[in-house]
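The structure appears below as structure tokens.
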Amino acid sequence: MRKHIVAGNWKMNKTFSEADDLLNDIMEKLESTTLDKNTQLIVCPPFPFLEMTSDDSDDSYFLVGAQNVSDQEVGAYTGEVSAAMLESLEIDYCIVGHSERRAYYHETDEIVARKVDQLLKHNLKPIVCCGEVLEEREAGKQCEVVRKQIEEGLFHLTEEQFSNVIIAYEPVWAIGTGKTATPDQAQEMHAFIRSLIAGKYGDAVAEETSILYGGSCKPSNAKELFANKDVDGGLIGGASLKAEDFIDIATAF
Ligand code: 13P
């Protein structure tokens, strides 16, 4: 059975002490919560807080992800953070191709593909984001857009490499807007993405790939989104900044 995953993308929020408070709140909440055994919780703080978030004990409540990584291996790339650095901190996951990075930092599918390669080379699991903007959905082009993002960002991988990839469908018009995709819209796109994977890597790989939904996911709508057969969890922005909301979402399966 493929994993259910709830990942919190803190984006560029929190100072050091605020991050510390949020982590303590999450741990406290988790101590009195029983998560389904098949649910993996992931926290993705900004780079400076990765080390304080990571816990290499076997019984840690959650795993840790970064929000970005360089597409280069090492060297004179001021301001960049390499996959090797993340690996040396024992970080498990990394978000790639988030729509904010595509829109504000010109991250193309080609760059996404190189970042994915770097992550896999250094034993991190990429959480690869895809999704259409509002005009594309209104023009009925959402499948075409997502197909291109998935094919160009991921389909150069071998089957073995691909089995480490997590996909997050995040319709851009639903991110931070309070406007969520309907459960039917989410299911339709997730099933489409799974069919693309099946076409390239076969049914067994497609069945094992976790496909997360992201975009204004909150405690009040998580249950109906996660009830869909092809929705395997969520990539949570705003609601992951409040421990109670984040854990409520994680228990919504
Ligand atoms: P919101 O949950 O704030 O809409 O953000 C979703 C997102 O972009 C997660 O990566």
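Just so we're on the same page: first chain in the structure tokens is A, next is B, and so on; residues restart at 1 for each chain, and ligands are numbered from 1 in the order they show up.
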
Show me which residues are within 10 Å of ligand 1 counting only C-alpha atoms and all ligand atoms, and format the list as a CSV table (one decimal) with all heavy atoms, in the first residue's frame.
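Generated file (result_9.csv):
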chain,number,residue,atom,x,y,z
A,7,ALA,N,2.8,16.8,4.4
A,7,ALA,CA,4.1,17.5,4.5
A,7,ALA,C,3.7,19.0,4.7
A,7,ALA,O,2.9,19.6,4.0
A,7,ALA,CB,4.9,17.4,3.2
A,8,GLY,N,4.4,19.6,5.6
A,8,GLY,CA,4.2,21.1,5.9
A,8,GLY,C,5.3,21.9,5.2
A,8,GLY,O,6.5,21.7,5.6
A,9,ASN,N,4.9,22.7,4.3
A,9,ASN,CA,5.8,23.7,3.7
A,9,ASN,C,5.7,25.0,4.4
A,9,ASN,O,4.7,25.7,4.1
A,9,ASN,CB,5.5,23.8,2.2
A,9,ASN,CG,6.3,24.8,1.4
A,9,ASN,OD1,7.3,25.3,2.0
A,9,ASN,ND2,6.0,25.0,0.2
A,10,TRP,N,6.7,25.3,5.2
A,10,TRP,CA,6.6,26.6,6.0
A,10,TRP,C,6.9,27.8,5.1
A,10,TRP,O,6.7,28.9,5.5
A,10,TRP,CB,7.6,26.5,7.1
A,10,TRP,CG,7.3,25.6,8.2
A,10,TRP,CD1,6.4,24.6,8.2
A,10,TRP,CD2,8.0,25.5,9.5
A,10,TRP,NE1,6.4,23.9,9.4
A,10,TRP,CE2,7.4,24.4,10.2
A,10,TRP,CE3,9.1,26.2,10.0
A,10,TRP,CZ2,7.9,24.1,11.5
A,10,TRP,CZ3,9.5,25.8,11.3
A,10,TRP,CH2,8.9,24.8,12.0
A,11,LYS,N,7.4,27.6,3.9
A,11,LYS,CA,7.8,28.7,3.0
A,11,LYS,C,8.7,29.6,3.8
A,11,LYS,O,9.5,29.2,4.6
A,11,LYS,CB,6.5,29.4,2.4
A,11,LYS,CG,5.6,28.4,1.8
A,11,LYS,CD,4.5,29.0,1.0
A,11,LYS,CE,3.6,27.9,0.4
A,11,LYS,NZ,2.6,28.4,-0.5
A,44,CYS,N,8.9,20.8,6.5
A,44,CYS,CA,9.9,21.4,5.5
A,44,CYS,C,10.1,22.9,5.9
A,44,CYS,O,9.4,23.8,5.4
A,44,CYS,CB,9.3,21.4,4.1
A,44,CYS,SG,9.0,19.7,3.5
A,67,GLN,N,13.1,23.0,1.3
A,67,GLN,CA,12.2,23.6,0.3
A,67,GLN,C,12.8,23.8,-1.1
A,67,GLN,O,12.0,24.2,-2.0
A,67,GLN,CB,11.7,24.9,0.8
A,67,GLN,CG,10.9,24.8,2.1
A,67,GLN,CD,10.6,26.2,2.7
A,67,GLN,OE1,10.6,27.2,2.0
A,67,GLN,NE2,10.3,26.3,4.0
A,95,ILE,N,11.4,19.6,-1.5
A,95,ILE,CA,10.4,20.1,-2.5
A,95,ILE,C,11.2,20.6,-3.7
A,95,ILE,O,12.2,21.3,-3.6
A,95,ILE,CB,9.6,21.2,-1.8
A,95,ILE,CG1,8.8,20.7,-0.6
A,95,ILE,CG2,8.6,21.8,-2.8
A,95,ILE,CD1,8.2,21.8,0.3
A,96,VAL,N,10.7,20.4,-4.9
A,96,VAL,CA,11.3,20.9,-6.1
A,96,VAL,C,10.1,21.4,-7.0
A,96,VAL,O,9.1,20.8,-7.1
A,96,VAL,CB,12.0,19.8,-6.9
A,96,VAL,CG1,12.8,20.4,-8.0
A,96,VAL,CG2,12.9,19.0,-6.0
A,97,GLY,N,10.4,22.4,-7.8
A,97,GLY,CA,9.4,22.9,-8.8
A,97,GLY,C,8.2,23.5,-8.2
A,97,GLY,O,7.1,23.5,-8.9
A,98,HIS,N,8.3,24.0,-7.0
A,98,HIS,CA,7.1,24.7,-6.4
A,98,HIS,C,6.7,25.8,-7.4
A,98,HIS,O,7.5,26.5,-7.9
A,98,HIS,CB,7.4,25.2,-5.0
A,98,HIS,CG,6.1,25.6,-4.3
A,98,HIS,ND1,5.5,26.8,-4.5
A,98,HIS,CD2,5.4,24.9,-3.4
A,98,HIS,CE1,4.4,26.9,-3.8
A,98,HIS,NE2,4.3,25.8,-3.1
A,99,SER,N,5.4,26.1,-7.5
A,99,SER,CA,5.0,27.1,-8.4
A,99,SER,C,5.5,28.5,-8.0
A,99,SER,O,5.7,29.4,-8.9
A,99,SER,CB,3.4,27.2,-8.5
A,99,SER,OG,2.9,27.5,-7.2
A,100,GLU,N,5.8,28.7,-6.7
A,100,GLU,CA,6.4,30.0,-6.4
A,100,GLU,C,7.8,30.1,-6.9
A,100,GLU,O,8.3,31.2,-7.4
A,100,GLU,CB,6.4,30.2,-4.8
A,100,GLU,CG,5.0,30.5,-4.4
A,100,GLU,CD,4.7,29.9,-3.0
A,100,GLU,OE1,5.6,29.6,-2.2
A,100,GLU,OE2,3.4,29.9,-2.7
A,127,ILE,N,10.1,15.8,-3.7
A,127,ILE,CA,8.6,16.1,-3.7
A,127,ILE,C,8.4,17.1,-4.8
A,127,ILE,O,8.7,18.3,-4.7
A,127,ILE,CB,8.1,16.7,-2.4
A,127,ILE,CG1,8.5,15.7,-1.2
A,127,ILE,CG2,6.6,16.9,-2.4
A,127,ILE,CD1,8.1,16.3,0.2
A,129,CYS,N,6.6,19.3,-7.5
A,129,CYS,CA,5.3,20.0,-7.6
A,129,CYS,C,4.9,20.2,-9.1
A,129,CYS,O,5.8,20.5,-9.9
A,129,CYS,CB,5.3,21.4,-6.9
A,129,CYS,SG,5.8,21.3,-5.2
A,168,ALA,N,3.4,16.3,-6.0
A,168,ALA,CA,2.4,17.1,-5.4
A,168,ALA,C,1.7,17.9,-6.5
A,168,ALA,O,2.3,18.7,-7.2
A,168,ALA,CB,3.1,18.0,-4.4
A,169,TYR,N,0.4,17.7,-6.6
A,169,TYR,CA,-0.4,18.5,-7.5
A,169,TYR,C,-0.9,19.7,-6.7
A,169,TYR,O,-1.6,19.6,-5.8
A,169,TYR,CB,-1.6,17.7,-8.1
A,169,TYR,CG,-2.6,18.6,-8.8
A,169,TYR,CD1,-2.2,19.3,-9.9
A,169,TYR,CD2,-3.9,18.6,-8.4
A,169,TYR,CE1,-3.0,20.2,-10.6
A,169,TYR,CE2,-4.8,19.5,-9.1
A,169,TYR,CZ,-4.4,20.2,-10.1
A,169,TYR,OH,-5.2,21.1,-10.8
A,170,GLU,N,-0.4,20.9,-7.2
A,170,GLU,CA,-0.8,22.1,-6.5
A,170,GLU,C,-1.4,23.1,-7.6
A,170,GLU,O,-0.6,23.8,-8.2
A,170,GLU,CB,0.4,22.7,-5.8
A,170,GLU,CG,1.0,21.9,-4.8
A,170,GLU,CD,1.7,22.7,-3.7
A,170,GLU,OE1,2.6,23.5,-4.1
A,170,GLU,OE2,1.4,22.6,-2.5
A,171,PRO,N,-2.7,23.1,-7.8
A,171,PRO,CA,-3.2,24.1,-8.7
A,171,PRO,C,-2.9,25.5,-8.2
A,171,PRO,O,-3.2,25.8,-7.1
A,171,PRO,CB,-4.7,23.8,-8.7
A,171,PRO,CG,-5.0,23.0,-7.5
A,171,PRO,CD,-3.7,22.3,-7.1
A,172,VAL,N,-2.2,26.3,-9.1
A,172,VAL,CA,-1.7,27.6,-8.6
A,172,VAL,C,-2.8,28.5,-8.1
A,172,VAL,O,-2.6,29.2,-7.1
A,172,VAL,CB,-0.8,28.2,-9.7
A,172,VAL,CG1,-0.2,29.5,-9.2
A,172,VAL,CG2,0.3,27.3,-10.2
A,173,TRP,N,-4.0,28.4,-8.7
A,173,TRP,CA,-5.1,29.2,-8.3
A,173,TRP,C,-5.6,28.9,-6.9
A,173,TRP,O,-6.4,29.6,-6.3
A,173,TRP,CB,-6.2,29.2,-9.4
A,173,TRP,CG,-6.5,27.8,-9.8
A,173,TRP,CD1,-6.0,27.1,-10.8
A,173,TRP,CD2,-7.5,26.9,-9.2
A,173,TRP,NE1,-6.5,25.8,-10.9
A,173,TRP,CE2,-7.4,25.7,-10.0
A,173,TRP,CE3,-8.4,27.0,-8.1
A,173,TRP,CZ2,-8.2,24.6,-9.7
A,173,TRP,CZ3,-9.2,25.9,-7.9
A,173,TRP,CH2,-9.1,24.7,-8.6
A,174,ALA,N,-5.2,27.8,-6.4
A,174,ALA,CA,-5.7,27.4,-5.0
A,174,ALA,C,-4.6,27.6,-3.9
A,174,ALA,O,-4.9,27.5,-2.8
A,174,ALA,CB,-6.0,25.9,-5.1
A,175,ILE,N,-3.4,28.1,-4.3
A,175,ILE,CA,-2.4,28.3,-3.3
A,175,ILE,C,-2.5,29.6,-2.6
A,175,ILE,O,-2.4,30.7,-3.2
A,175,ILE,CB,-1.0,28.2,-4.0
A,175,ILE,CG1,-0.8,26.7,-4.5
A,175,ILE,CG2,0.1,28.5,-3.0
A,175,ILE,CD1,0.5,26.5,-5.2
A,176,GLY,N,-2.7,29.5,-1.3
A,176,GLY,CA,-2.8,30.8,-0.5
A,176,GLY,C,-4.0,31.6,-0.8
A,176,GLY,O,-4.1,32.8,-0.4
A,177,THR,N,-4.9,31.1,-1.5
A,177,THR,CA,-6.1,31.9,-2.0
A,177,THR,C,-7.3,31.6,-1.2
A,177,THR,O,-8.3,32.4,-1.2
A,177,THR,CB,-6.4,31.7,-3.4
A,177,THR,OG1,-6.7,30.3,-3.6
A,177,THR,CG2,-5.3,32.1,-4.3
A,178,GLY,N,-7.3,30.5,-0.4
A,178,GLY,CA,-8.5,30.1,0.3
A,178,GLY,C,-9.4,29.3,-0.6
A,178,GLY,O,-10.4,28.8,-0.2
A,179,LYS,N,-9.1,29.3,-1.9
A,179,LYS,CA,-9.9,28.6,-2.9
A,179,LYS,C,-9.3,27.2,-3.1
A,179,LYS,O,-8.2,27.1,-3.6
A,179,LYS,CB,-9.9,29.4,-4.2
A,179,LYS,CG,-11.0,29.2,-5.1
A,179,LYS,CD,-10.9,30.2,-6.3
A,179,LYS,CE,-11.8,29.6,-7.4
A,179,LYS,NZ,-11.7,30.3,-8.6
A,180,THR,N,-10.1,26.2,-2.7
A,180,THR,CA,-9.5,24.8,-2.8
A,180,THR,C,-10.1,24.1,-4.1
A,180,THR,O,-11.2,24.4,-4.5
A,180,THR,CB,-10.0,24.0,-1.6
A,180,THR,OG1,-9.8,24.8,-0.5
A,180,THR,CG2,-9.1,22.8,-1.4
A,213,TYR,N,-2.0,16.4,-2.6
A,213,TYR,CA,-2.7,17.6,-3.1
A,213,TYR,C,-2.2,18.8,-2.3
A,213,TYR,O,-2.0,18.7,-1.0
A,213,TYR,CB,-4.2,17.5,-2.9
A,213,TYR,CG,-4.9,18.8,-3.1
A,213,TYR,CD1,-5.2,19.2,-4.4
A,213,TYR,CD2,-5.2,19.6,-2.0
A,213,TYR,CE1,-5.7,20.5,-4.6
A,213,TYR,CE2,-5.7,20.9,-2.2
A,213,TYR,CZ,-6.0,21.3,-3.5
A,213,TYR,OH,-6.5,22.6,-3.7
A,214,GLY,N,-2.1,19.9,-2.9
A,214,GLY,CA,-1.7,21.2,-2.2
A,214,GLY,C,-2.5,22.4,-2.7
A,214,GLY,O,-2.7,22.5,-3.9
A,215,GLY,N,-2.9,23.2,-1.8
A,215,GLY,CA,-3.6,24.5,-2.2
A,215,GLY,C,-4.8,24.7,-1.3
A,215,GLY,O,-5.8,24.1,-1.5
A,216,SER,N,-4.6,25.5,-0.3
A,216,SER,CA,-5.6,25.9,0.7
A,216,SER,C,-6.2,24.6,1.4
A,216,SER,O,-7.4,24.6,1.6
A,216,SER,CB,-6.7,26.7,0.1
A,216,SER,OG,-6.1,28.0,-0.4
A,217,CYS,N,-5.4,23.6,1.6
A,217,CYS,CA,-5.8,22.4,2.3
A,217,CYS,C,-5.8,22.8,3.8
A,217,CYS,O,-4.9,23.4,4.3
A,217,CYS,CB,-4.9,21.3,2.0
A,217,CYS,SG,-5.5,19.7,2.8
A,218,LYS,N,-6.9,22.5,4.5
A,218,LYS,CA,-7.0,22.8,5.9
A,218,LYS,C,-7.9,21.8,6.6
A,218,LYS,O,-8.4,20.9,6.0
A,218,LYS,CB,-7.7,24.2,6.1
A,218,LYS,CG,-8.8,24.5,5.1
A,218,LYS,CD,-9.2,26.0,5.2
A,218,LYS,CE,-10.4,26.3,4.2
A,218,LYS,NZ,-10.0,27.0,3.0
A,234,GLY,N,-1.3,15.5,1.6
A,234,GLY,CA,-1.3,16.9,1.2
A,234,GLY,C,0.1,17.5,1.4
A,234,GLY,O,0.9,17.1,2.2
A,235,LEU,N,0.3,18.6,0.6
A,235,LEU,CA,1.4,19.5,0.8
A,235,LEU,C,0.8,20.8,1.3
A,235,LEU,O,0.1,21.4,0.6
A,235,LEU,CB,2.2,19.7,-0.5
A,235,LEU,CG,3.5,20.6,-0.4
A,235,LEU,CD1,4.4,20.1,0.7
A,235,LEU,CD2,4.2,20.6,-1.7
A,236,ILE,N,1.1,21.1,2.6
A,236,ILE,CA,0.3,22.1,3.3
A,236,ILE,C,1.1,23.3,3.5
A,236,ILE,O,2.2,23.3,4.1
A,236,ILE,CB,-0.2,21.5,4.7
A,236,ILE,CG1,-0.6,20.1,4.6
A,236,ILE,CG2,-1.2,22.4,5.3
A,236,ILE,CD1,-1.8,19.8,3.7
A,237,GLY,N,0.6,24.5,3.1
A,237,GLY,CA,1.3,25.7,3.3
A,237,GLY,C,0.8,26.4,4.6
A,237,GLY,O,1.2,26.0,5.7
A,238,GLY,N,-0.1,27.4,4.5
A,238,GLY,CA,-0.5,28.2,5.6
A,238,GLY,C,-0.9,27.4,6.8
A,238,GLY,O,-0.5,27.7,8.0
A,239,ALA,N,-1.7,26.3,6.6
A,239,ALA,CA,-2.2,25.5,7.8
A,239,ALA,C,-1.1,24.8,8.5
A,239,ALA,O,-1.3,24.3,9.6
A,239,ALA,CB,-3.3,24.6,7.3
A,240,SER,N,0.1,24.7,7.9
A,240,SER,CA,1.2,23.9,8.6
A,240,SER,C,1.9,24.8,9.6
A,240,SER,O,2.8,24.4,10.3
A,240,SER,CB,2.2,23.4,7.6
A,240,SER,OG,3.0,24.4,7.0
A,241,LEU,N,1.5,26.1,9.6
A,241,LEU,CA,2.2,27.0,10.5
A,241,LEU,C,1.5,27.1,11.9
A,241,LEU,O,1.9,27.8,12.8
A,241,LEU,CB,2.2,28.5,9.9
A,241,LEU,CG,3.0,28.6,8.6
A,241,LEU,CD1,2.8,30.0,8.0
A,241,LEU,CD2,4.5,28.3,8.8

At a cut-off of 12 Å, using only C-alpha atoms, what residues contact Phe47 of chain A? Leave out same-chain residues fewer than 3 positions from it and give the result as a compact mmCIF listing (two decimals) with all heavy atoms, in the first residue's frame.
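Heads up, here's the output in out.txt:
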# COMPACT_ATOMS: atom_id res chain seq x y z
N ASN A 9 4.88 22.75 4.32
CA ASN A 9 5.82 23.66 3.67
C ASN A 9 5.69 25.01 4.35
O ASN A 9 4.73 25.74 4.11
CB ASN A 9 5.46 23.75 2.17
CG ASN A 9 6.31 24.76 1.44
OD1 ASN A 9 7.27 25.31 1.99
ND2 ASN A 9 5.97 25.03 0.19
N TRP A 10 6.68 25.31 5.19
CA TRP A 10 6.60 26.57 5.96
C TRP A 10 6.86 27.79 5.09
O TRP A 10 6.65 28.91 5.51
CB TRP A 10 7.61 26.55 7.10
CG TRP A 10 7.33 25.58 8.20
CD1 TRP A 10 6.37 24.60 8.24
CD2 TRP A 10 8.03 25.49 9.45
NE1 TRP A 10 6.43 23.92 9.42
CE2 TRP A 10 7.44 24.44 10.19
CE3 TRP A 10 9.09 26.19 10.02
CZ2 TRP A 10 7.88 24.08 11.47
CZ3 TRP A 10 9.54 25.83 11.29
CH2 TRP A 10 8.92 24.79 12.00
N LYS A 11 7.39 27.58 3.89
CA LYS A 11 7.78 28.69 3.00
C LYS A 11 8.71 29.64 3.75
O LYS A 11 9.48 29.18 4.60
CB LYS A 11 6.53 29.37 2.43
CG LYS A 11 5.57 28.36 1.79
CD LYS A 11 4.49 28.98 0.97
CE LYS A 11 3.62 27.87 0.38
NZ LYS A 11 2.56 28.37 -0.48
N MET A 12 8.68 30.95 3.47
CA MET A 12 9.63 31.87 4.13
C MET A 12 8.97 32.51 5.35
O MET A 12 8.75 33.72 5.42
CB MET A 12 10.11 32.94 3.13
CG MET A 12 11.38 33.65 3.61
SD MET A 12 12.02 34.82 2.40
CE MET A 12 10.86 36.17 2.51
N ASN A 13 8.62 31.65 6.30
CA ASN A 13 7.97 32.12 7.51
C ASN A 13 8.76 31.68 8.74
O ASN A 13 9.46 30.68 8.69
CB ASN A 13 6.55 31.54 7.60
CG ASN A 13 5.63 32.14 6.55
OD1 ASN A 13 5.30 33.33 6.60
ND2 ASN A 13 5.25 31.35 5.57
N LYS A 14 8.60 32.42 9.82
CA LYS A 14 9.16 32.12 11.15
C LYS A 14 10.61 32.59 11.33
O LYS A 14 11.45 32.39 10.45
CB LYS A 14 9.10 30.62 11.49
CG LYS A 14 7.73 29.99 11.36
CD LYS A 14 6.80 30.46 12.45
CE LYS A 14 5.41 29.88 12.31
NZ LYS A 14 4.43 30.53 13.21
N THR A 15 10.83 33.18 12.52
CA THR A 15 12.20 33.47 12.97
C THR A 15 12.67 32.24 13.74
O THR A 15 11.90 31.29 13.94
CB THR A 15 12.21 34.66 13.93
OG1 THR A 15 11.37 34.32 15.05
CG2 THR A 15 11.67 35.93 13.25
N PHE A 16 13.91 32.26 14.20
CA PHE A 16 14.46 31.11 14.92
C PHE A 16 13.58 30.73 16.12
O PHE A 16 13.20 29.57 16.28
CB PHE A 16 15.89 31.43 15.38
CG PHE A 16 16.57 30.28 16.06
CD1 PHE A 16 17.24 29.32 15.32
CD2 PHE A 16 16.52 30.15 17.45
CE1 PHE A 16 17.86 28.24 15.95
CE2 PHE A 16 17.13 29.09 18.08
CZ PHE A 16 17.80 28.13 17.33
N ALA A 19 10.20 29.41 15.09
CA ALA A 19 10.30 28.06 14.54
C ALA A 19 10.43 27.05 15.68
O ALA A 19 9.80 25.98 15.66
CB ALA A 19 11.50 27.97 13.60
N VAL A 43 8.13 17.72 7.83
CA VAL A 43 8.17 19.16 8.09
C VAL A 43 9.26 19.76 7.20
O VAL A 43 10.40 19.28 7.19
CB VAL A 43 8.47 19.43 9.59
CG1 VAL A 43 8.64 20.92 9.83
CG2 VAL A 43 7.35 18.87 10.47
N CYS A 44 8.89 20.80 6.45
CA CYS A 44 9.85 21.45 5.54
C CYS A 44 10.05 22.91 5.94
O CYS A 44 9.36 23.81 5.44
CB CYS A 44 9.35 21.39 4.10
SG CYS A 44 8.99 19.72 3.50
N LEU A 50 16.75 23.82 9.40
CA LEU A 50 16.73 22.38 9.09
C LEU A 50 17.38 21.56 10.20
O LEU A 50 16.86 20.53 10.60
CB LEU A 50 17.48 22.11 7.78
CG LEU A 50 16.72 22.38 6.49
CD1 LEU A 50 17.65 22.23 5.30
CD2 LEU A 50 15.52 21.44 6.35
N GLU A 51 18.51 22.06 10.69
CA GLU A 51 19.25 21.25 11.64
C GLU A 51 18.50 21.09 12.95
O GLU A 51 18.45 20.02 13.55
CB GLU A 51 20.64 21.82 11.88
CG GLU A 51 21.55 20.75 12.42
CD GLU A 51 22.96 21.24 12.71
OE1 GLU A 51 23.28 22.39 12.37
OE2 GLU A 51 23.71 20.45 13.29
N MET A 52 17.87 22.18 13.41
CA MET A 52 17.13 22.08 14.68
C MET A 52 15.87 21.22 14.51
O MET A 52 15.35 20.67 15.48
CB MET A 52 16.75 23.46 15.22
CG MET A 52 15.65 24.16 14.48
SD MET A 52 15.57 25.90 14.94
CE MET A 52 13.95 25.98 15.65
N THR A 53 15.41 21.09 13.28
CA THR A 53 14.19 20.31 13.04
C THR A 53 14.50 18.83 12.92
O THR A 53 13.69 17.98 13.27
CB THR A 53 13.52 20.81 11.72
OG1 THR A 53 13.37 22.21 11.81
CG2 THR A 53 12.17 20.17 11.51
N SER A 54 15.72 18.54 12.41
CA SER A 54 16.03 17.14 12.12
C SER A 54 16.38 16.37 13.39
O SER A 54 17.04 16.87 14.29
CB SER A 54 17.12 17.15 11.05
OG SER A 54 18.17 16.39 11.42
N VAL A 64 12.18 15.18 7.84
CA VAL A 64 12.42 16.58 7.51
C VAL A 64 12.71 16.76 6.03
O VAL A 64 13.40 15.93 5.42
CB VAL A 64 13.59 17.12 8.36
CG1 VAL A 64 13.88 18.58 8.02
CG2 VAL A 64 13.28 16.97 9.84
N GLY A 65 12.16 17.81 5.47
CA GLY A 65 12.42 18.12 4.07
C GLY A 65 12.91 19.55 3.92
O GLY A 65 12.59 20.42 4.74
N ALA A 66 13.72 19.79 2.88
CA ALA A 66 14.10 21.16 2.53
C ALA A 66 13.08 21.67 1.51
O ALA A 66 12.26 20.91 1.00
CB ALA A 66 15.50 21.17 1.93
N GLN A 67 13.13 22.98 1.25
CA GLN A 67 12.17 23.57 0.31
C GLN A 67 12.76 23.80 -1.07
O GLN A 67 12.05 24.16 -2.01
CB GLN A 67 11.67 24.92 0.85
CG GLN A 67 10.92 24.83 2.15
CD GLN A 67 10.56 26.20 2.70
OE1 GLN A 67 10.57 27.20 1.98
NE2 GLN A 67 10.26 26.25 3.98
N ASN A 68 14.08 23.63 -1.18
CA ASN A 68 14.74 23.92 -2.45
C ASN A 68 16.14 23.33 -2.39
O ASN A 68 16.63 22.99 -1.31
CB ASN A 68 14.82 25.44 -2.62
CG ASN A 68 15.35 25.85 -3.98
OD1 ASN A 68 15.23 25.12 -4.97
ND2 ASN A 68 15.97 27.02 -4.04
N VAL A 69 16.77 23.20 -3.54
CA VAL A 69 18.14 22.69 -3.61
C VAL A 69 18.78 23.24 -4.89
O VAL A 69 18.06 23.57 -5.84
CB VAL A 69 18.14 21.14 -3.62
CG1 VAL A 69 17.56 20.59 -4.92
CG2 VAL A 69 19.52 20.55 -3.38
N GLY A 79 25.13 31.62 -2.43
CA GLY A 79 23.75 31.61 -1.96
C GLY A 79 23.03 30.29 -2.17
O GLY A 79 21.91 30.11 -1.68
N GLU A 80 23.64 29.38 -2.89
CA GLU A 80 22.97 28.10 -3.17
C GLU A 80 23.26 27.06 -2.07
O GLU A 80 24.25 27.16 -1.35
CB GLU A 80 23.43 27.55 -4.52
CG GLU A 80 22.93 28.36 -5.70
CD GLU A 80 21.44 28.20 -5.90
OE1 GLU A 80 21.00 27.19 -6.45
OE2 GLU A 80 20.69 29.10 -5.49
N VAL A 81 22.40 26.06 -1.99
CA VAL A 81 22.56 24.96 -1.04
C VAL A 81 22.52 23.65 -1.83
O VAL A 81 21.58 23.42 -2.60
CB VAL A 81 21.44 24.99 0.01
CG1 VAL A 81 21.45 23.73 0.87
CG2 VAL A 81 21.57 26.23 0.90
N SER A 82 23.53 22.83 -1.66
CA SER A 82 23.63 21.62 -2.49
C SER A 82 22.92 20.42 -1.86
O SER A 82 22.69 20.36 -0.65
CB SER A 82 25.09 21.26 -2.71
OG SER A 82 25.65 20.74 -1.51
N MET A 85 25.01 18.86 0.80
CA MET A 85 24.89 19.51 2.13
C MET A 85 23.66 18.98 2.86
O MET A 85 23.71 18.67 4.05
CB MET A 85 24.75 21.02 1.97
CG MET A 85 25.98 21.71 1.43
SD MET A 85 25.58 23.45 1.14
CE MET A 85 27.05 23.94 0.24
N LEU A 86 22.55 18.86 2.12
CA LEU A 86 21.32 18.35 2.74
C LEU A 86 21.53 16.91 3.20
O LEU A 86 21.11 16.52 4.30
CB LEU A 86 20.15 18.44 1.76
CG LEU A 86 19.78 19.85 1.29
CD1 LEU A 86 18.66 19.79 0.25
CD2 LEU A 86 19.34 20.71 2.48
N LEU A 89 23.26 16.58 6.41
CA LEU A 89 22.42 16.89 7.59
C LEU A 89 21.36 15.81 7.81
O LEU A 89 20.47 15.96 8.64
CB LEU A 89 21.71 18.23 7.39
CG LEU A 89 22.54 19.50 7.49
CD1 LEU A 89 21.66 20.72 7.19
CD2 LEU A 89 23.15 19.64 8.88
N ILE A 91 18.90 15.02 5.88
CA ILE A 91 17.57 15.47 5.46
C ILE A 91 17.02 14.41 4.50
O ILE A 91 17.75 13.87 3.68
CB ILE A 91 17.66 16.85 4.78
CG1 ILE A 91 18.30 17.88 5.71
CG2 ILE A 91 16.31 17.32 4.27
CD1 ILE A 91 17.62 18.07 7.02
N CYS A 94 13.01 16.75 -0.25
CA CYS A 94 13.18 18.14 -0.70
C CYS A 94 12.10 18.48 -1.73
O CYS A 94 11.88 17.71 -2.66
CB CYS A 94 14.57 18.34 -1.30
SG CYS A 94 14.88 20.04 -1.81

| Contact residues around Arg137 of chain A with only C-alpha atoms at 12 Å, ignoring same-chain residues under 3 positions, as a PyMOL selection string | chain A and resi 131-134+140-146+171-174+181+185+189

Please produce a file of the residues just selected, as a PDB file, in the first residue's frame, where the atoms kept are C-alpha atoms.
ATOM      1  CA  GLY A 131      -0.049  22.429 -11.380  1.00  0.00           C
ATOM      2  CA  GLU A 132      -1.726  24.880 -13.696  1.00  0.00           C
ATOM      3  CA  VAL A 133      -2.498  28.593 -13.299  1.00  0.00           C
ATOM      4  CA  LEU A 134      -6.061  29.884 -13.406  1.00  0.00           C
ATOM      5  CA  GLY A 140      -9.264  23.580 -20.220  1.00  0.00           C
ATOM      6  CA  LYS A 141      -5.491  23.119 -20.561  1.00  0.00           C
ATOM      7  CA  GLN A 142      -4.712  21.794 -17.062  1.00  0.00           C
ATOM      8  CA  CYS A 143      -3.903  18.240 -18.178  1.00  0.00           C
ATOM      9  CA  GLU A 144      -1.663  19.437 -20.995  1.00  0.00           C
ATOM     10  CA  VAL A 145       0.264  21.703 -18.587  1.00  0.00           C
ATOM     11  CA  VAL A 146       0.702  19.036 -15.926  1.00  0.00           C
ATOM     12  CA  PRO A 171      -3.228  24.089  -8.747  1.00  0.00           C
ATOM     13  CA  VAL A 172      -1.673  27.560  -8.594  1.00  0.00           C
ATOM     14  CA  TRP A 173      -5.073  29.244  -8.305  1.00  0.00           C
ATOM     15  CA  ALA A 174      -5.654  27.369  -5.037  1.00  0.00           C
ATOM     16  CA  ALA A 181      -9.867  22.426  -5.744  1.00  0.00           C
ATOM     17  CA  GLN A 185     -11.134  18.246  -9.513  1.00  0.00           C
ATOM     18  CA  MET A 189      -6.030  15.318 -11.911  1.00  0.00           C
TER      19      MET A 189
END

| field | Residues flagged strand (DSSP E or B) by DSSP in segment 58-100 of chain A, as a PyMOL selection string | value | chain A and resi 63-66+93-96

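Atom to atom, atom CA of Leu22 of chain A and atom CA of Arg102 of chain A stand 27.8 Å apart.
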
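Of the listed residues A:Ala84, A:Glu107, A:Glu135, A:Asp245, the one whose atoms come nearest to Leu120 of chain A is A:Ala84, with distances taken using only C-alpha atoms.
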
| field | Expected answer as a list in words: helix (DSSP H, G or I) residues in segment 134-168 of chain A | value |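 Answer for segment 134-168 of chain A restricted to helix (DSSP H, G or I) is Leu134, Glu135, Glu136, Arg137, Glu138, Gln142, Cys143, Glu144, Val145, Val146, Arg147, Lys148, Gln149, Ile150, Glu151, Glu152, Gly153, Leu154, Glu159, Glu160, Gln161 and Phe162 of chain A.
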